[in-house]
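Listing of upload01.pdb; format and content: PDB, C-alpha atoms, pLDDT in the B column.
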MODEL        1
ATOM      1  CA  MET A   1     222.927 -11.425  43.018  1.00 88.00           C
ATOM      2  CA  LYS A   2     223.404  -9.762  46.384  1.00 93.00           C
ATOM      3  CA  GLU A   3     222.589  -6.039  46.415  1.00 95.00           C
ATOM      4  CA  SER A   4     225.346  -3.959  47.967  1.00 95.00           C
ATOM      5  CA  SER A   5     226.459  -0.365  48.403  1.00 96.00           C
ATOM      6  CA  LEU A   6     229.797   1.374  47.981  1.00 96.00           C
ATOM      7  CA  TYR A   7     231.174   4.058  50.268  1.00 97.00           C
ATOM      8  CA  ILE A   8     233.784   6.444  48.857  1.00 98.00           C
ATOM      9  CA  HIS A   9     235.633   8.371  51.561  1.00 97.00           C
ATOM     10  CA  ILE A  10     237.003  11.800  50.659  1.00 97.00           C
ATOM     11  CA  PRO A  11     239.014  12.912  53.718  1.00 97.00           C
ATOM     12  CA  PHE A  12     239.665  16.545  52.757  1.00 96.00           C
ATOM     13  CA  CYS A  13     238.088  19.478  54.653  1.00 96.00           C
ATOM     14  CA  ASP A  14     238.374  23.244  54.949  1.00 94.00           C
ATOM     15  CA  HIS A  15     238.017  22.945  58.728  1.00 92.00           C
ATOM     16  CA  LYS A  16     237.332  20.232  61.296  1.00 91.00           C
ATOM     17  CA  CYS A  17     233.765  20.267  62.608  1.00 92.00           C
ATOM     18  CA  ILE A  18     233.594  19.838  66.370  1.00 92.00           C
ATOM     19  CA  TYR A  19     231.050  16.997  66.100  1.00 94.00           C
ATOM     20  CA  CYS A  20     232.824  15.015  63.365  1.00 91.00           C
ATOM     21  CA  ASP A  21     234.433  11.694  64.275  1.00 92.00           C
ATOM     22  CA  PHE A  22     235.345  10.737  60.706  1.00 92.00           C
ATOM     23  CA  TYR A  23     238.939  10.703  59.541  1.00 93.00           C
ATOM     24  CA  SER A  24     239.621  14.005  57.812  1.00 94.00           C
ATOM     25  CA  ILE A  25     242.493  16.350  57.091  1.00 93.00           C
ATOM     26  CA  ILE A  26     242.423  20.128  56.816  1.00 93.00           C
ATOM     27  CA  THR A  27     244.077  20.628  53.447  1.00 91.00           C
ATOM     28  CA  HIS A  28     243.537  20.559  49.712  1.00 89.00           C
ATOM     29  CA  ASP A  29     247.092  19.347  49.134  1.00 92.00           C
ATOM     30  CA  GLY A  30     247.410  15.827  47.841  1.00 94.00           C
ATOM     31  CA  ILE A  31     243.931  15.474  46.374  1.00 96.00           C
ATOM     32  CA  GLN A  32     245.189  14.156  43.023  1.00 96.00           C
ATOM     33  CA  ILE A  33     247.563  11.713  44.730  1.00 97.00           C
ATOM     34  CA  TYR A  34     244.635  10.483  46.838  1.00 98.00           C
ATOM     35  CA  LEU A  35     242.394  10.142  43.770  1.00 98.00           C
ATOM     36  CA  ASP A  36     245.049   8.130  41.929  1.00 98.00           C
ATOM     37  CA  ALA A  37     245.317   5.748  44.902  1.00 98.00           C
ATOM     38  CA  LEU A  38     241.516   5.571  45.193  1.00 98.00           C
ATOM     39  CA  LYS A  39     241.214   4.576  41.526  1.00 98.00           C
ATOM     40  CA  LYS A  40     243.709   1.744  42.089  1.00 98.00           C
ATOM     41  CA  GLU A  41     241.763   0.613  45.158  1.00 98.00           C
ATOM     42  CA  ILE A  42     238.534   0.587  43.124  1.00 98.00           C
ATOM     43  CA  GLU A  43     240.204  -1.664  40.528  1.00 97.00           C
ATOM     44  CA  TYR A  44     241.520  -3.979  43.249  1.00 98.00           C
ATOM     45  CA  PHE A  45     238.184  -4.195  45.056  1.00 96.00           C
ATOM     46  CA  ALA A  46     236.306  -4.850  41.810  1.00 96.00           C
ATOM     47  CA  ARG A  47     238.685  -7.686  40.865  1.00 95.00           C
ATOM     48  CA  ASN A  48     238.782  -9.350  44.264  1.00 96.00           C
ATOM     49  CA  TYR A  49     235.537  -8.682  46.130  1.00 93.00           C
ATOM     50  CA  SER A  50     232.695  -7.800  43.790  1.00 92.00           C
ATOM     51  CA  ALA A  51     231.779 -11.229  42.388  1.00 91.00           C
ATOM     52  CA  GLY A  52     228.110 -11.999  42.956  1.00 92.00           C
ATOM     53  CA  ARG A  53     227.279  -8.436  43.979  1.00 93.00           C
ATOM     54  CA  LYS A  54     225.126  -5.812  42.317  1.00 92.00           C
ATOM     55  CA  PHE A  55     225.980  -2.320  43.540  1.00 93.00           C
ATOM     56  CA  THR A  56     222.843  -0.224  43.741  1.00 95.00           C
ATOM     57  CA  THR A  57     224.053   2.739  45.800  1.00 96.00           C
ATOM     58  CA  ILE A  58     227.208   4.828  46.020  1.00 96.00           C
ATOM     59  CA  PHE A  59     227.774   7.013  49.076  1.00 96.00           C
ATOM     60  CA  PHE A  60     230.328   9.830  49.056  1.00 97.00           C
ATOM     61  CA  GLY A  61     231.411  10.911  52.522  1.00 95.00           C
ATOM     62  CA  GLY A  62     234.304  12.367  54.367  1.00 91.00           C
ATOM     63  CA  GLY A  63     235.551  14.910  54.966  1.00 92.00           C
ATOM     64  CA  THR A  64     233.867  17.188  52.518  1.00 94.00           C
ATOM     65  CA  PRO A  65     233.406  15.487  49.133  1.00 95.00           C
ATOM     66  CA  SER A  66     232.097  18.747  47.652  1.00 95.00           C
ATOM     67  CA  LEU A  67     235.639  20.151  47.899  1.00 94.00           C
ATOM     68  CA  LEU A  68     236.471  18.090  44.831  1.00 97.00           C
ATOM     69  CA  ALA A  69     236.167  19.755  41.455  1.00 96.00           C
ATOM     70  CA  PRO A  70     233.519  18.354  39.083  1.00 97.00           C
ATOM     71  CA  HIS A  71     236.199  16.723  36.914  1.00 97.00           C
ATOM     72  CA  GLU A  72     237.602  14.954  39.998  1.00 97.00           C
ATOM     73  CA  ILE A  73     234.188  13.503  40.889  1.00 97.00           C
ATOM     74  CA  GLU A  74     233.880  12.518  37.236  1.00 97.00           C
ATOM     75  CA  GLU A  75     237.202  10.612  37.480  1.00 97.00           C
ATOM     76  CA  ILE A  76     235.855   8.572  40.388  1.00 98.00           C
ATOM     77  CA  ILE A  77     232.511   7.847  38.731  1.00 97.00           C
ATOM     78  CA  PHE A  78     234.250   6.876  35.480  1.00 97.00           C
ATOM     79  CA  GLN A  79     236.465   4.447  37.400  1.00 97.00           C
ATOM     80  CA  LEU A  80     233.476   2.945  39.221  1.00 96.00           C
ATOM     81  CA  LYS A  81     231.498   2.615  36.000  1.00 94.00           C
ATOM     82  CA  ASN A  82     234.376   0.892  34.209  1.00 95.00           C
ATOM     83  CA  ASN A  83     235.031  -1.576  37.017  1.00 94.00           C
ATOM     84  CA  PHE A  84     231.543  -2.483  38.238  1.00 89.00           C
TER      85      PHE A  84
ENDMDL
END

Would you encode the structure as structure tokens?
Amino acid sequence: MKESSLYIHIPFCDHKCIYCDFYSIITHDGIQIYLDALKKEIEYFARNYSAGRKFTTIFFGGGTPSLLAPHEIEEIIFQLKNNF
């Protein structure tokens, strides 16, 4: 099995850092809508692209992933665990 990594992008920020080139938005609005879409994307990716892969690392980036509440991070991890 090929070892692979997953990158989970959380685009929400409190402010835009001058050095940051990543896609990010300065808001907390829409986090749950984004998480719902992310969970669907995880399901889709797992069904269509994960055959023959063993995921050994998960990276959370953004934005500022620490803006998410613990239960929101838990939602993502639960979805990853159930699909991979």

Care to translate the PyMOL selection byres ((chain A and resi 59-69) around 8) into actual residues of this file, as a compact mmCIF listing (two decimals) with C-alpha atoms, in the frame of the given file?
# COMPACT_ATOMS: atom_id res chain seq x y z
CA SER A 5 226.46 -0.36 48.40
CA LEU A 6 229.80 1.37 47.98
CA TYR A 7 231.17 4.06 50.27
CA ILE A 8 233.78 6.44 48.86
CA HIS A 9 235.63 8.37 51.56
CA ILE A 10 237.00 11.80 50.66
CA PRO A 11 239.01 12.91 53.72
CA PHE A 12 239.66 16.55 52.76
CA CYS A 13 238.09 19.48 54.65
CA ASP A 14 238.37 23.24 54.95
CA PHE A 22 235.34 10.74 60.71
CA TYR A 23 238.94 10.70 59.54
CA SER A 24 239.62 14.00 57.81
CA ILE A 25 242.49 16.35 57.09
CA THR A 57 224.05 2.74 45.80
CA ILE A 58 227.21 4.83 46.02
CA PRO A 70 233.52 18.35 39.08
CA HIS A 71 236.20 16.72 36.91
CA GLU A 72 237.60 14.95 40.00
CA ILE A 73 234.19 13.50 40.89

Checklist outcome for this item: Pairwise distance, CA of Glu41 (chain A) with CA of His28 (chain A), equals 20.5 Å

Next on the checklist: To one decimal place in Å, what is the distance between CA of Ile76 (chain A) and CA of Tyr49 (chain A)?
Outcome noted: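 About the pair CA of Ile76 (chain A) and CA of Tyr49 (chain A): they are 18.2 Å apart.
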
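From CA of Lys39 (chain A) back to CA of Asn82 (chain A), the distance works out to 10.7 Å.
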
Next on the checklist: What would the selection look like, as an MDAnalysis selection string, if the PyMOL selection byres ((chain A and resi 51-54) around 9) were run on the coordinates I just shared?
Outcome noted: chainID A and resid 1:5 46:50 55:56 84

Build an axis-aligned box that encloses every atom of region 60-67 of chain A listed in the file, pad it by 3 Å on each side, and report its centre and edge lengths in Å to one decimal, as JSON.
{"center_x": 233.0, "center_y": 15.0, "center_z": 51.3, "size_x": 11.3, "size_y": 16.3, "size_z": 13.3}

Item to check | Residue list as a ChimeraX atom specification for point (244.6, 8.9, 39.7), cut-off 12 Å, all atoms listed in the file | outcome: /A:30-43,71-76,78-79

Rebuild N, CA and C atoms on region 14-50 of chain A, as a CSV table (one decimal), in the frame of the given file?
chain,number,residue,atom,x,y,z
A,14,ASP,N,237.9,21.9,54.7
A,14,ASP,CA,238.4,23.2,54.9
A,14,ASP,C,238.6,23.5,56.4
A,15,HIS,N,237.8,22.8,57.3
A,15,HIS,CA,238.0,22.9,58.7
A,15,HIS,C,237.4,21.7,59.4
A,16,LYS,N,237.8,21.4,60.6
A,16,LYS,CA,237.3,20.2,61.3
A,16,LYS,C,236.1,20.6,62.1
A,17,CYS,N,235.0,20.0,61.8
A,17,CYS,CA,233.8,20.3,62.6
A,17,CYS,C,233.9,19.6,64.0
A,18,ILE,N,233.4,20.3,65.0
A,18,ILE,CA,233.6,19.8,66.4
A,18,ILE,C,232.9,18.5,66.6
A,19,TYR,N,231.8,18.2,65.9
A,19,TYR,CA,231.0,17.0,66.1
A,19,TYR,C,231.5,15.8,65.3
A,20,CYS,N,232.4,16.0,64.3
A,20,CYS,CA,232.8,15.0,63.4
A,20,CYS,C,233.9,14.0,63.9
A,21,ASP,N,233.5,12.7,63.9
A,21,ASP,CA,234.4,11.7,64.3
A,21,ASP,C,235.1,11.0,63.1
A,22,PHE,N,234.8,11.4,61.9
A,22,PHE,CA,235.3,10.7,60.7
A,22,PHE,C,236.8,11.2,60.5
A,23,TYR,N,237.6,10.3,59.9
A,23,TYR,CA,238.9,10.7,59.5
A,23,TYR,C,238.9,11.8,58.5
A,24,SER,N,239.6,12.9,58.8
A,24,SER,CA,239.6,14.0,57.8
A,24,SER,C,240.9,14.8,58.1
A,25,ILE,N,241.3,15.5,57.0
A,25,ILE,CA,242.5,16.4,57.1
A,25,ILE,C,242.1,17.7,56.6
A,26,ILE,N,242.7,18.7,57.2
A,26,ILE,CA,242.4,20.1,56.8
A,26,ILE,C,243.4,20.6,55.8
A,27,THR,N,243.2,20.2,54.5
A,27,THR,CA,244.1,20.6,53.4
A,27,THR,C,243.4,20.3,52.1
A,28,HIS,N,243.9,20.9,51.1
A,28,HIS,CA,243.5,20.6,49.7
A,28,HIS,C,244.7,19.9,49.0
A,29,ASP,N,245.9,19.9,49.7
A,29,ASP,CA,247.1,19.3,49.1
A,29,ASP,C,246.9,17.8,49.1
A,30,GLY,N,247.4,17.3,48.0
A,30,GLY,CA,247.4,15.8,47.8
A,30,GLY,C,246.1,15.2,47.3
A,31,ILE,N,245.2,16.0,46.9
A,31,ILE,CA,243.9,15.5,46.4
A,31,ILE,C,244.2,14.6,45.2
A,32,GLN,N,245.0,15.0,44.2
A,32,GLN,CA,245.2,14.2,43.0
A,32,GLN,C,245.9,12.9,43.4
A,33,ILE,N,246.9,12.9,44.3
A,33,ILE,CA,247.6,11.7,44.7
A,33,ILE,C,246.6,10.8,45.4
A,34,TYR,N,245.7,11.3,46.2
A,34,TYR,CA,244.6,10.5,46.8
A,34,TYR,C,243.7,9.9,45.8
A,35,LEU,N,243.3,10.7,44.8
A,35,LEU,CA,242.4,10.1,43.8
A,35,LEU,C,243.1,9.0,43.0
A,36,ASP,N,244.3,9.2,42.7
A,36,ASP,CA,245.0,8.1,41.9
A,36,ASP,C,245.1,6.8,42.7
A,37,ALA,N,245.3,6.9,44.0
A,37,ALA,CA,245.3,5.7,44.9
A,37,ALA,C,243.9,5.2,45.0
A,38,LEU,N,242.9,6.0,45.1
A,38,LEU,CA,241.5,5.6,45.2
A,38,LEU,C,241.1,4.8,43.9
A,39,LYS,N,241.5,5.3,42.8
A,39,LYS,CA,241.2,4.6,41.5
A,39,LYS,C,241.9,3.2,41.5
A,40,LYS,N,243.1,3.1,42.0
A,40,LYS,CA,243.7,1.7,42.1
A,40,LYS,C,243.0,0.8,43.1
A,41,GLU,N,242.5,1.4,44.2
A,41,GLU,CA,241.8,0.6,45.2
A,41,GLU,C,240.4,0.1,44.6
A,42,ILE,N,239.8,1.0,43.8
A,42,ILE,CA,238.5,0.6,43.1
A,42,ILE,C,238.8,-0.6,42.2
A,43,GLU,N,239.9,-0.5,41.4
A,43,GLU,CA,240.2,-1.7,40.5
A,43,GLU,C,240.4,-2.9,41.3
A,44,TYR,N,241.2,-2.8,42.4
A,44,TYR,CA,241.5,-4.0,43.2
A,44,TYR,C,240.3,-4.6,43.9
A,45,PHE,N,239.4,-3.7,44.4
A,45,PHE,CA,238.2,-4.2,45.1
A,45,PHE,C,237.3,-4.9,44.0
A,46,ALA,N,237.2,-4.3,42.9
A,46,ALA,CA,236.3,-4.8,41.8
A,46,ALA,C,236.8,-6.2,41.4
A,47,ARG,N,238.1,-6.4,41.3
A,47,ARG,CA,238.7,-7.7,40.9
A,47,ARG,C,238.5,-8.7,41.9
A,48,ASN,N,238.7,-8.4,43.2
A,48,ASN,CA,238.8,-9.4,44.3
A,48,ASN,C,237.6,-9.5,45.1
A,49,TYR,N,236.6,-8.6,45.2
A,49,TYR,CA,235.5,-8.7,46.1
A,49,TYR,C,234.1,-8.4,45.6
A,50,SER,N,234.0,-8.2,44.3
A,50,SER,CA,232.7,-7.8,43.8
A,50,SER,C,231.9,-8.9,43.1
